[in-house]
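As provided, query.cif (mmCIF, C-alpha atoms and all ligand atoms) reads as follows.
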data_my_file
loop_
_atom_site.label_atom_id
_atom_site.label_comp_id
_atom_site.auth_asym_id
_atom_site.auth_seq_id
_atom_site.Cartn_x
_atom_site.Cartn_y
_atom_site.Cartn_z
CA MET W 1 0.00 0.00 0.00
CA LEU W 2 1.31 3.44 -0.90
CA LEU W 3 -0.27 5.70 1.72
CA ASP W 4 -1.11 4.48 5.20
CA ILE W 5 -2.88 6.86 7.59
CA GLN W 6 -2.75 5.52 11.15
CA SER W 7 -4.90 6.91 13.99
CA LEU W 8 -4.39 10.47 12.82
CA SER W 9 -5.61 13.33 15.00
CA HIS W 10 -5.27 17.06 14.54
CA GLN W 11 -6.23 19.87 16.87
CA TYR W 12 -6.24 23.62 16.41
CA LYS W 13 -5.48 25.29 19.72
CA SER W 14 -6.20 28.88 20.54
CA GLN W 15 -6.02 30.60 23.92
CA LYS W 16 -9.69 29.93 24.59
CA GLN W 17 -10.42 26.56 22.99
CA VAL W 18 -9.22 23.37 21.37
CA ASN W 19 -10.85 22.39 18.06
CA SER W 20 -10.43 18.73 17.06
CA ALA W 21 -10.43 18.87 13.25
CA ILE W 22 -9.38 15.20 12.79
CA LYS W 23 -10.15 12.47 15.30
CA SER W 24 -8.21 9.19 15.21
CA LEU W 25 -8.61 8.66 11.47
CA SER W 26 -7.14 5.55 9.82
CA LEU W 27 -7.25 4.89 6.07
CA GLN W 28 -5.14 2.94 3.58
CA ILE W 29 -4.87 4.38 0.09
CA GLU W 30 -3.97 2.44 -3.06
CA PRO W 31 -3.40 3.73 -6.62
CA GLY W 32 -6.60 5.06 -8.18
CA ILE W 33 -9.00 7.88 -7.30
CA LEU W 34 -10.16 8.33 -3.73
CA GLY W 35 -13.16 10.67 -3.41
CA LEU W 36 -12.98 12.30 0.01
CA LEU W 37 -16.51 13.48 0.75
CA GLY W 38 -17.77 15.47 3.69
CA PRO W 39 -19.81 18.55 4.55
CA ASN W 40 -18.13 21.89 5.26
CA GLY W 41 -16.03 21.68 8.39
CA ALA W 42 -15.70 17.87 8.24
CA GLY W 43 -11.90 18.10 8.33
CA LYS W 44 -11.08 17.37 4.68
CA SER W 45 -8.73 20.33 4.13
CA SER W 46 -6.98 19.72 7.44
CA LEU W 47 -6.33 16.12 6.37
CA MET W 48 -5.13 17.25 2.93
CA ARG W 49 -2.70 19.75 4.46
CA ILE W 50 -1.20 17.05 6.66
CA LEU W 51 -0.89 14.65 3.72
CA ALA W 52 0.76 17.45 1.71
CA THR W 53 3.29 17.89 4.59
CA ILE W 54 2.20 21.49 5.16
CA ALA W 55 0.79 20.78 8.63
CA LYS W 56 1.94 18.28 11.24
CA PRO W 57 -0.57 16.00 12.98
CA THR W 58 -1.15 16.33 16.72
CA SER W 59 -0.89 12.54 17.00
CA GLY W 60 -0.89 9.45 14.81
CA LYS W 61 1.19 8.72 11.73
CA VAL W 62 1.12 8.87 7.96
CA LEU W 63 3.41 6.48 6.08
CA TRP W 64 4.29 6.99 2.42
CA ARG W 65 5.92 3.88 0.95
CA GLY W 66 6.44 2.80 4.57
CA LYS W 67 8.22 6.05 5.62
CA ASP W 68 6.81 8.47 8.19
CA ILE W 69 6.02 11.74 6.35
CA VAL W 70 6.82 13.88 9.41
CA GLN W 71 10.24 12.24 9.90
CA SER W 72 11.09 12.18 6.17
CA PRO W 73 8.91 14.74 4.37
CA GLN W 74 11.25 14.89 1.35
CA THR W 75 10.54 11.27 0.43
CA LEU W 76 6.92 12.19 -0.14
CA ARG W 77 7.46 15.74 -1.44
CA ARG W 78 9.51 14.43 -4.38
CA GLU W 79 6.45 12.42 -5.45
CA LEU W 80 3.73 14.84 -4.39
CA GLY W 81 1.46 17.14 -6.39
CA TYR W 82 -0.90 19.39 -4.43
CA LEU W 83 -3.66 21.72 -5.54
CA PRO W 84 -4.90 23.50 -2.39
CA GLN W 85 -8.47 24.72 -1.92
CA TYR W 86 -7.40 28.33 -2.33
CA PHE W 87 -4.87 28.43 -5.11
CA GLY W 88 -3.31 31.80 -5.83
CA VAL W 89 -1.47 32.62 -9.04
CA TYR W 90 0.75 35.57 -9.94
CA GLU W 91 -1.71 37.30 -12.21
CA GLN W 92 0.84 39.28 -14.21
CA LEU W 93 2.76 36.12 -15.24
CA SER W 94 1.71 34.10 -18.27
CA GLY W 95 0.72 30.45 -17.78
CA PHE W 96 4.06 29.42 -19.25
CA GLU W 97 6.05 31.74 -16.95
CA PHE W 98 4.08 30.67 -13.90
CA LEU W 99 4.75 26.99 -14.56
CA HIS W 100 8.45 27.77 -15.01
CA TYR W 101 8.44 29.61 -11.72
CA ILE W 102 6.89 26.59 -9.93
CA ALA W 103 9.27 24.21 -11.73
CA GLY W 104 12.12 26.30 -10.27
CA ILE W 105 10.69 26.01 -6.76
CA LYS W 106 10.38 22.25 -7.26
CA ALA W 107 14.06 22.27 -8.40
CA LEU W 108 13.25 20.50 -11.66
CA ASP W 109 15.90 20.28 -14.34
CA ALA W 110 15.36 23.32 -16.67
CA ALA W 111 15.53 21.47 -20.01
CA GLN W 112 13.26 18.71 -18.74
CA ALA W 113 10.88 21.35 -17.30
CA ASN W 114 10.56 23.05 -20.71
CA HIS W 115 9.51 19.80 -22.29
CA THR W 116 7.11 18.87 -19.45
CA ILE W 117 5.48 22.32 -19.45
CA ASP W 118 4.79 22.11 -23.19
CA GLU W 119 3.29 18.66 -22.71
CA LEU W 120 1.12 19.73 -19.78
CA LEU W 121 -0.13 22.89 -21.49
CA ASN W 122 -1.12 20.72 -24.43
CA LYS W 123 -2.77 18.04 -22.26
CA LEU W 124 -4.73 20.68 -20.35
CA ASN W 125 -5.84 22.54 -23.48
CA LEU W 126 -3.92 25.67 -22.55
CA THR W 127 -1.39 25.90 -25.36
CA HIS W 128 -3.33 28.71 -27.04
CA ALA W 129 -3.18 30.80 -23.84
CA ALA W 130 0.34 29.81 -22.73
CA HIS W 131 1.81 33.30 -23.26
CA LEU W 132 -1.15 35.35 -22.08
CA PRO W 133 -1.22 36.81 -18.56
CA LEU W 134 -3.05 34.68 -15.98
CA LYS W 135 -5.27 37.63 -15.04
CA GLY W 136 -7.16 37.07 -18.30
CA TYR W 137 -7.78 33.34 -17.63
CA SER W 138 -11.27 32.05 -16.79
CA GLY W 139 -11.86 30.14 -13.52
CA GLY W 140 -11.60 26.84 -15.40
CA MET W 141 -8.32 27.86 -17.09
CA LYS W 142 -6.80 28.90 -13.75
CA GLN W 143 -7.88 25.58 -12.26
CA ARG W 144 -6.18 23.77 -15.13
CA ILE W 145 -3.00 25.78 -14.51
CA GLY W 146 -3.35 24.68 -10.88
CA ILE W 147 -3.49 21.06 -11.98
CA ALA W 148 -0.57 21.59 -14.38
CA GLN W 149 1.65 22.94 -11.56
CA ALA W 150 0.68 19.96 -9.41
CA LEU W 151 1.67 17.56 -12.21
CA LEU W 152 5.05 19.12 -13.05
CA ASN W 153 7.03 16.47 -11.17
CA ASP W 154 4.86 13.57 -12.44
CA PRO W 155 3.60 12.94 -8.89
CA LYS W 156 2.65 9.52 -7.60
CA LEU W 157 0.38 11.18 -5.02
CA LEU W 158 -1.89 13.92 -6.34
CA ILE W 159 -3.95 15.80 -3.75
CA ILE W 160 -6.66 18.14 -4.98
CA ASP W 161 -8.84 20.02 -2.54
CA GLU W 162 -12.33 21.05 -3.77
CA PRO W 163 -11.03 21.59 -7.32
CA THR W 164 -14.38 22.05 -9.05
CA VAL W 165 -15.55 25.09 -7.08
CA GLY W 166 -16.24 27.85 -9.61
CA LEU W 167 -16.19 25.58 -12.66
CA ASP W 168 -19.12 25.42 -15.08
CA PRO W 169 -20.75 22.03 -15.89
CA GLN W 170 -18.66 21.50 -19.04
CA GLU W 171 -15.44 22.33 -17.18
CA ARG W 172 -16.42 19.96 -14.35
CA SER W 173 -17.00 17.18 -16.84
CA ASN W 174 -13.65 17.86 -18.59
CA PHE W 175 -11.95 17.90 -15.22
CA ARG W 176 -13.38 14.48 -14.27
CA GLN W 177 -12.23 13.08 -17.62
CA LEU W 178 -8.72 14.43 -17.03
CA LEU W 179 -8.51 12.85 -13.58
CA THR W 180 -9.56 9.47 -14.98
CA GLU W 181 -6.72 9.69 -17.50
CA LEU W 182 -4.25 10.63 -14.77
CA ALA W 183 -5.31 7.93 -12.33
CA THR W 184 -3.31 5.03 -13.70
CA GLU W 185 -0.53 4.05 -11.33
CA ARG W 186 -0.93 7.02 -9.03
CA CYS W 187 -2.99 7.87 -5.98
CA ILE W 188 -5.36 10.77 -6.49
CA ILE W 189 -7.20 12.15 -3.49
CA PHE W 190 -10.06 14.40 -4.56
CA SER W 191 -11.85 16.23 -1.77
CA THR W 192 -15.32 17.67 -2.31
CA HIS W 193 -18.74 18.05 -0.73
CA ILE W 194 -20.40 17.49 -4.13
CA VAL W 195 -21.19 13.79 -4.62
CA ALA W 196 -21.68 14.13 -8.40
CA ASP W 197 -18.02 15.22 -8.75
CA VAL W 198 -16.71 11.84 -7.64
CA GLU W 199 -19.44 9.23 -8.09
CA SER W 200 -18.57 8.33 -11.67
CA ILE W 201 -14.77 8.43 -11.35
CA ALA W 202 -13.77 7.37 -7.82
CA ASP W 203 -12.50 3.85 -7.20
CA LYS W 204 -13.10 4.37 -3.52
CA ILE W 205 -15.06 6.85 -1.42
CA ALA W 206 -14.21 7.98 2.11
CA ILE W 207 -16.82 10.00 3.99
CA MET W 208 -15.73 12.35 6.78
CA HIS W 209 -17.91 14.06 9.34
CA SER W 210 -16.85 16.10 12.39
CA GLY W 211 -13.23 15.02 11.96
CA GLN W 212 -14.04 11.32 11.80
CA LEU W 213 -13.98 8.84 8.95
CA ILE W 214 -17.56 7.59 9.10
CA GLN W 215 -17.61 5.32 6.04
CA SER W 216 -15.33 4.08 3.29
CA GLY W 217 -15.75 1.67 0.41
CA THR W 218 -16.31 1.49 -3.32
CA PRO W 219 -19.17 3.63 -4.66
CA SER W 220 -21.22 0.48 -5.30
CA THR W 221 -20.60 -0.95 -1.80
CA LEU W 222 -21.78 2.30 -0.28
CA GLN W 223 -24.85 2.40 -2.54
CA GLN W 224 -25.69 -1.23 -1.75
CA SER W 225 -25.38 -0.60 1.96
CA VAL W 226 -28.49 1.62 1.79
CA ALA W 227 -30.36 -0.55 -0.75
CA ASN W 228 -33.28 -1.30 1.56
CA LYS W 229 -33.61 2.30 2.75
CA CYS W 230 -34.32 4.19 -0.48
CA TRP W 231 -37.98 4.90 -1.21
CA THR W 232 -40.02 6.81 -3.76
CA LEU W 233 -43.27 8.44 -2.82
CA THR W 234 -45.72 10.69 -4.69
CA VAL W 235 -47.13 13.49 -2.55
CA ASN W 236 -48.89 16.85 -2.77
CA SER W 237 -46.44 19.77 -2.93
CA ALA W 238 -47.80 21.03 0.38
CA ASP W 239 -46.60 17.84 2.13
CA LEU W 240 -42.94 18.28 1.18
CA ARG W 241 -41.99 20.44 4.15
CA GLN W 242 -43.37 17.91 6.64
CA LEU W 243 -41.57 15.05 4.86
CA GLN W 244 -38.30 16.97 4.97
CA HIS W 245 -38.82 17.47 8.66
CA GLU W 246 -39.31 13.72 9.28
CA TYR W 247 -37.05 12.12 6.67
CA ILE W 248 -33.95 12.57 4.55
CA VAL W 249 -35.29 13.80 1.19
CA SER W 250 -32.55 13.24 -1.38
CA HIS W 251 -34.44 14.43 -4.46
CA SER W 252 -37.84 15.67 -5.60
CA VAL W 253 -39.30 16.06 -9.09
CA ARG W 254 -42.52 17.78 -10.12
CA LYS W 255 -44.93 15.35 -11.88
CA ALA W 256 -48.06 17.20 -13.09
CA ASP W 257 -49.62 18.68 -9.93
CA LYS W 258 -47.78 16.25 -7.60
CA LEU W 259 -44.22 15.74 -6.40
CA GLU W 260 -42.25 12.52 -6.74
CA VAL W 261 -39.99 12.44 -3.72
CA ASN W 262 -36.94 10.27 -3.01
CA ILE W 263 -36.58 9.46 0.65
CA VAL W 264 -33.84 7.67 2.59
CA ALA W 265 -35.24 6.04 5.72
CA ASN W 266 -34.72 2.93 7.84
CA HIS W 267 -38.40 2.04 7.55
CA CYS W 268 -41.07 2.42 4.85
CA PRO W 269 -42.31 6.02 5.16
CA ASP W 270 -45.80 5.35 3.80
CA ALA W 271 -47.92 2.44 2.53
CA SER W 272 -47.76 3.91 -1.00
CA ALA W 273 -43.93 4.19 -0.98
CA THR W 274 -41.89 1.81 -3.14
CA LEU W 275 -38.24 0.79 -2.90
CA ARG W 276 -35.98 2.24 -5.60
CA VAL W 277 -32.37 1.88 -6.78
CA PRO W 278 -30.05 3.69 -4.34
CA THR W 279 -27.59 6.38 -5.43
CA LEU W 280 -24.30 7.45 -3.88
CA GLU W 281 -26.02 10.71 -2.89
CA ASP W 282 -28.51 8.64 -0.86
CA ALA W 283 -25.66 6.86 0.92
CA TYR W 284 -23.80 10.12 1.55
CA LEU W 285 -26.87 11.80 3.03
CA TYR W 286 -27.78 8.74 5.08
CA TYR W 287 -24.36 8.49 6.69
CA THR W 288 -23.63 12.18 7.14
CA ILE W 289 -27.07 12.95 8.55
CA ASN W 290 -27.38 9.81 10.66
CA HIS W 291 -23.65 9.74 11.37
CA GLN W 292 -23.48 5.93 11.62
CA PRO W 293 -20.39 4.18 13.02
CA SER W 294 -18.02 2.85 10.35
CA SER W 295 -18.70 -0.79 11.26
CA PHE W 296 -22.15 -0.39 9.72
CA ILE W 297 -21.26 -1.52 6.22
CA ALA W 298 -19.46 -4.59 7.51
CA ARG W 299 -22.59 -5.51 9.47
CA ALA W 300 -24.92 -4.77 6.56
CA SER W 301 -23.07 -6.82 3.94
N1 LIG W 401 -6.50 27.39 10.99
C1 LIG W 401 -7.51 26.96 11.74
N2 LIG W 401 -7.64 27.36 13.03
C2 LIG W 401 -8.66 26.91 13.80
N3 LIG W 401 -9.61 26.04 13.38
C3 LIG W 401 -9.53 25.63 12.10
C4 LIG W 401 -8.48 26.05 11.21
N4 LIG W 401 -8.66 25.44 10.00
C5 LIG W 401 -9.77 24.67 10.13
N5 LIG W 401 -10.28 24.80 11.37
C6 LIG W 401 -11.47 24.09 11.89
O1 LIG W 401 -11.24 22.71 11.76
C7 LIG W 401 -12.45 22.05 11.36
C8 LIG W 401 -12.21 21.33 10.04
O2 LIG W 401 -11.99 22.33 9.02
P1 LIG W 401 -11.52 21.93 7.54
O3 LIG W 401 -11.29 23.21 6.79
O4 LIG W 401 -10.41 20.97 7.63
O5 LIG W 401 -12.83 21.19 7.00
P2 LIG W 401 -13.31 20.95 5.51
O6 LIG W 401 -14.00 19.64 5.50
O7 LIG W 401 -12.17 21.12 4.57
O8 LIG W 401 -14.37 22.11 5.30
P3 LIG W 401 -14.51 23.14 4.08
O9 LIG W 401 -15.03 22.33 2.94
O10 LIG W 401 -15.50 24.13 4.61
O11 LIG W 401 -13.16 23.72 3.85
C9 LIG W 401 -13.53 23.13 11.28
O12 LIG W 401 -14.20 23.14 12.51
C10 LIG W 401 -12.72 24.41 11.09
O13 LIG W 401 -13.40 25.51 11.63
#

Please express the file's structure as structure tokens.
Amino acid sequence: MLLDIQSLSHQYKSQKQVNSAIKSLSLQIEPGILGLLGPNGAGKSSLMRILATIAKPTSGKVLWRGKDIVQSPQTLRRELGYLPQYFGVYEQLSGFEFLHYIAGIKALDAAQANHTIDELLNKLNLTHAAHLPLKGYSGGMKQRIGIAQALLNDPKLLIIDEPTVGLDPQERSNFRQLLTELATERCIIFSTHIVADVESIADKIAIMHSGQLIQSGTPSTLQQSVANKCWTLTVNSADLRQLQHEYIVSHSVRKADKLEVNIVANHCPDASATLRVPTLEDAYLYYTINHQPSSFIARAS
């Protein structure tokens, strides 16, 4: 296994309080795409910063190829690409200049960097804008420059934190396609609170809530684990609010003067409700709202 997270905890301490952002989290990560899902404040970015060797854990260990990343950060950094949640660029530089600047920081060989930058600009559809200042780039183009800088050293661990924020639907779709192409023989950790971003591309999903890992598994394992809890029900529009109060409503569609509502619940919500095929969104909502212990899937399967 490439990345082994062992009982990791992280606390932010201020004069007045201690905030536990990660609580005894263990996870083993193999090559492929890991979708790290969780609501705002779940601890995803804190975990990403530790994995990127920018922050040190309060306790626990992370091993990369068997080596502790706090004791030997360089072993990981040589093979790491990181796109943080808030990625700033020097707006007056062109895409080409910016990538050269980052290649310098990463101490890459200059001739090799030239070649790699050309390749990456081409792969990320940015060749046409390579010599234009970054201040004229769209959100999607800047995000692609962010990915390009993370890929400069051909990383074996690529960490991307909420990369699709600000992208339009076409750019999101292109971005997912790109990640699928990049996923062979490397670990990609993709953090997001948007299930649709990862459900079609992730090999494995990990769900965080309140600093804890509450579930992990393949998308289909997670979906199957809620198979007997996903119901469809047709109701009057006026009943929706009450249903939302009582149940997890994952989706609703207007059908003539009625509403077809998807509900996730442990028991049948109404005699007229029928079971339906579960989605990853159902599983995500079920676990984050109910906050089940991580042994649940093992018991359910
Ligand atoms: N620098 C900090 N100082 C104090 N508390 C922090 C700091 N950074 C994060 N936190 C807290 O740690 C917890 C986890 O935050 P984190 O940003 O890791 O979550 P997240 O899942 O990435 O959420 P988001 O998607 O909103 O960024 C939250 O309660 C947050 O307020």

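Between atom O4 of ligand LIG 401 (chain W) and CA of His209 in chain W there is a distance of 10.3 Å.
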
Give as a PDB file with C-alpha atoms, in the coordinates of the input the residues surrounding ligand LIG 401 (chain W) up to a distance of 7 Å, considering all atoms listed in the file.
ATOM      1  CA  TYR W  12      -6.240  23.620  16.410  1.00  0.00           C
ATOM      2  CA  LYS W  13      -5.480  25.290  19.720  1.00  0.00           C
ATOM      3  CA  ASN W  19     -10.850  22.390  18.060  1.00  0.00           C
ATOM      4  CA  SER W  20     -10.430  18.730  17.060  1.00  0.00           C
ATOM      5  CA  ALA W  21     -10.430  18.870  13.250  1.00  0.00           C
ATOM      6  CA  GLY W  38     -17.770  15.470   3.690  1.00  0.00           C
ATOM      7  CA  PRO W  39     -19.810  18.550   4.550  1.00  0.00           C
ATOM      8  CA  ASN W  40     -18.130  21.890   5.260  1.00  0.00           C
ATOM      9  CA  GLY W  41     -16.030  21.680   8.390  1.00  0.00           C
ATOM     10  CA  ALA W  42     -15.700  17.870   8.240  1.00  0.00           C
ATOM     11  CA  GLY W  43     -11.900  18.100   8.330  1.00  0.00           C
ATOM     12  CA  LYS W  44     -11.080  17.370   4.680  1.00  0.00           C
ATOM     13  CA  SER W  45      -8.730  20.330   4.130  1.00  0.00           C
ATOM     14  CA  SER W  46      -6.980  19.720   7.440  1.00  0.00           C
ATOM     15  CA  LEU W  47      -6.330  16.120   6.370  1.00  0.00           C
ATOM     16  CA  HIS W 193     -18.740  18.050  -0.730  1.00  0.00           C
ATOM     17  CA  GLY W 211     -13.230  15.020  11.960  1.00  0.00           C
TER      18      GLY W 211
END

Query raised in the report: What's the 7 Å shell around His10 in chain W, counting only C-alpha atoms, without same-chain residues fewer than 5 positions away, as an MDAnalysis selection string?
Result: chainID W and resid 20:23 57:59

Within 9 Å of (-1.0, 15.8, 8.4) in the file's own coordinates, which protein, DNA or RNA residues have an atom, counting all atoms listed in the file? List them as a CSV table (one decimal) with C-alpha atoms, keeping the file's coordinate frame.
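Contents of out-v8.csv, freshly written:
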chain,number,residue,atom,x,y,z
W,8,LEU,CA,-4.4,10.5,12.8
W,9,SER,CA,-5.6,13.3,15.0
W,10,HIS,CA,-5.3,17.1,14.5
W,46,SER,CA,-7.0,19.7,7.4
W,47,LEU,CA,-6.3,16.1,6.4
W,48,MET,CA,-5.1,17.2,2.9
W,49,ARG,CA,-2.7,19.8,4.5
W,50,ILE,CA,-1.2,17.0,6.7
W,51,LEU,CA,-0.9,14.6,3.7
W,52,ALA,CA,0.8,17.4,1.7
W,53,THR,CA,3.3,17.9,4.6
W,54,ILE,CA,2.2,21.5,5.2
W,55,ALA,CA,0.8,20.8,8.6
W,56,LYS,CA,1.9,18.3,11.2
W,57,PRO,CA,-0.6,16.0,13.0
W,58,THR,CA,-1.2,16.3,16.7
W,61,LYS,CA,1.2,8.7,11.7
W,62,VAL,CA,1.1,8.9,8.0
W,69,ILE,CA,6.0,11.7,6.4
W,70,VAL,CA,6.8,13.9,9.4

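Comparing W:Leu120, W:Pro163, W:Ile201, W:Ser94 by their smallest distance to Ala183 in chain W, the closest is W:Ile201 (using only C-alpha atoms).
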
Report summary line: Atom pair CA of Gln223 in chain W + CA of Ala202 in chain W, distance 13.2 Å

Requested in this report: Using only C-alpha atoms, find all polymer residues with an atom at most 12 Å away from the point (-17.7, 16.7, 0.9); report them as JSON, numbers by chain.
Outcome: {"W": [35, 36, 37, 38, 39, 40, 41, 42, 43, 44, 45, 161, 162, 163, 164, 165, 190, 191, 192, 193, 194, 195, 196, 197, 198, 199, 205, 206, 207, 208, 209, 210, 213, 281, 284, 285, 288]}

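For the pair CA of Leu222 in chain W and CA of Glu30 in chain W, the interatomic distance is 18.0 Å.
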
As a PDB file with C-alpha atoms, keeping the file's coordinate frame, please: the residues near Cys268 in chain W (cut-off 12 Å, only C-alpha atoms, same-chain neighbours under 3 positions excluded).
ATOM      1  CA  ASN W 228     -33.280  -1.300   1.560  1.00  0.00           C
ATOM      2  CA  LYS W 229     -33.610   2.300   2.750  1.00  0.00           C
ATOM      3  CA  CYS W 230     -34.320   4.190  -0.480  1.00  0.00           C
ATOM      4  CA  TRP W 231     -37.980   4.900  -1.210  1.00  0.00           C
ATOM      5  CA  THR W 232     -40.020   6.810  -3.760  1.00  0.00           C
ATOM      6  CA  LEU W 233     -43.270   8.440  -2.820  1.00  0.00           C
ATOM      7  CA  TYR W 247     -37.050  12.120   6.670  1.00  0.00           C
ATOM      8  CA  ASN W 262     -36.940  10.270  -3.010  1.00  0.00           C
ATOM      9  CA  ILE W 263     -36.580   9.460   0.650  1.00  0.00           C
ATOM     10  CA  VAL W 264     -33.840   7.670   2.590  1.00  0.00           C
ATOM     11  CA  ALA W 265     -35.240   6.040   5.720  1.00  0.00           C
ATOM     12  CA  ALA W 271     -47.920   2.440   2.530  1.00  0.00           C
ATOM     13  CA  SER W 272     -47.760   3.910  -1.000  1.00  0.00           C
ATOM     14  CA  ALA W 273     -43.930   4.190  -0.980  1.00  0.00           C
ATOM     15  CA  THR W 274     -41.890   1.810  -3.140  1.00  0.00           C
ATOM     16  CA  LEU W 275     -38.240   0.790  -2.900  1.00  0.00           C
ATOM     17  CA  ARG W 276     -35.980   2.240  -5.600  1.00  0.00           C
TER      18      ARG W 276
END

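For the choices W:Val261, W:Ile160, W:Val253, W:Leu80, the atom-to-atom distance to Asp239 in chain W is smallest for W:Val261 when using all atoms listed in the file.
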
Query raised in the report: Ala148 in chain W: which residues within 8 Å, counting only C-alpha atoms, same-chain residues fewer than 2 positions away excluded, as a PyMOL selection string?
Result: chain W and resi 99+117+120-121+124+144-146+150-152

Where atoms are lacking, range 236-242 of chain W completed to all heavy atoms, as a short mmCIF file (atom, residue, chain, number, x, y, z; two decimals), in the frame of the given file:
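Now in out.cif:
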data_model
loop_
_atom_site.label_atom_id
_atom_site.label_comp_id
_atom_site.auth_asym_id
_atom_site.auth_seq_id
_atom_site.Cartn_x
_atom_site.Cartn_y
_atom_site.Cartn_z
N ASN W 236 -48.50 15.48 -2.41
CA ASN W 236 -48.89 16.85 -2.77
C ASN W 236 -47.73 17.78 -2.40
O ASN W 236 -47.04 17.55 -1.39
CB ASN W 236 -50.13 17.27 -1.99
CG ASN W 236 -51.34 16.47 -2.43
OD1 ASN W 236 -51.52 16.21 -3.63
ND2 ASN W 236 -52.16 16.07 -1.48
N SER W 237 -47.56 18.83 -3.19
CA SER W 237 -46.44 19.77 -2.93
C SER W 237 -46.46 20.27 -1.49
O SER W 237 -45.42 20.45 -0.86
CB SER W 237 -46.54 20.98 -3.85
OG SER W 237 -46.58 20.56 -5.17
N ALA W 238 -47.68 20.47 -0.96
CA ALA W 238 -47.80 21.03 0.38
C ALA W 238 -47.23 20.10 1.46
O ALA W 238 -46.92 20.55 2.57
CB ALA W 238 -49.27 21.32 0.66
N ASP W 239 -47.08 18.81 1.12
CA ASP W 239 -46.60 17.84 2.13
C ASP W 239 -45.07 17.78 2.21
O ASP W 239 -44.52 17.12 3.10
CB ASP W 239 -47.12 16.43 1.81
CG ASP W 239 -48.64 16.38 1.88
OD1 ASP W 239 -49.22 17.20 2.63
OD2 ASP W 239 -49.23 15.55 1.17
N LEU W 240 -44.40 18.43 1.25
CA LEU W 240 -42.94 18.28 1.18
C LEU W 240 -42.24 18.72 2.46
O LEU W 240 -41.37 18.04 2.99
CB LEU W 240 -42.39 19.05 -0.03
CG LEU W 240 -40.88 18.95 -0.23
CD1 LEU W 240 -40.45 17.50 -0.45
CD2 LEU W 240 -40.42 19.80 -1.41
N ARG W 241 -42.67 19.88 2.97
CA ARG W 241 -41.99 20.44 4.15
C ARG W 241 -42.06 19.46 5.34
O ARG W 241 -41.06 19.23 6.03
CB ARG W 241 -42.61 21.78 4.52
CG ARG W 241 -41.78 22.57 5.51
CD ARG W 241 -42.40 23.93 5.73
NE ARG W 241 -42.21 24.78 4.58
CZ ARG W 241 -41.28 25.71 4.52
NH1 ARG W 241 -40.48 25.91 5.52
NH2 ARG W 241 -41.15 26.47 3.45
N GLN W 242 -43.21 18.86 5.53
CA GLN W 242 -43.37 17.91 6.64
C GLN W 242 -42.48 16.68 6.43
O GLN W 242 -41.82 16.19 7.35
CB GLN W 242 -44.85 17.50 6.76
CG GLN W 242 -45.15 16.54 7.90
CD GLN W 242 -44.79 17.12 9.27
OE1 GLN W 242 -44.82 18.34 9.46
NE2 GLN W 242 -44.42 16.25 10.21
#
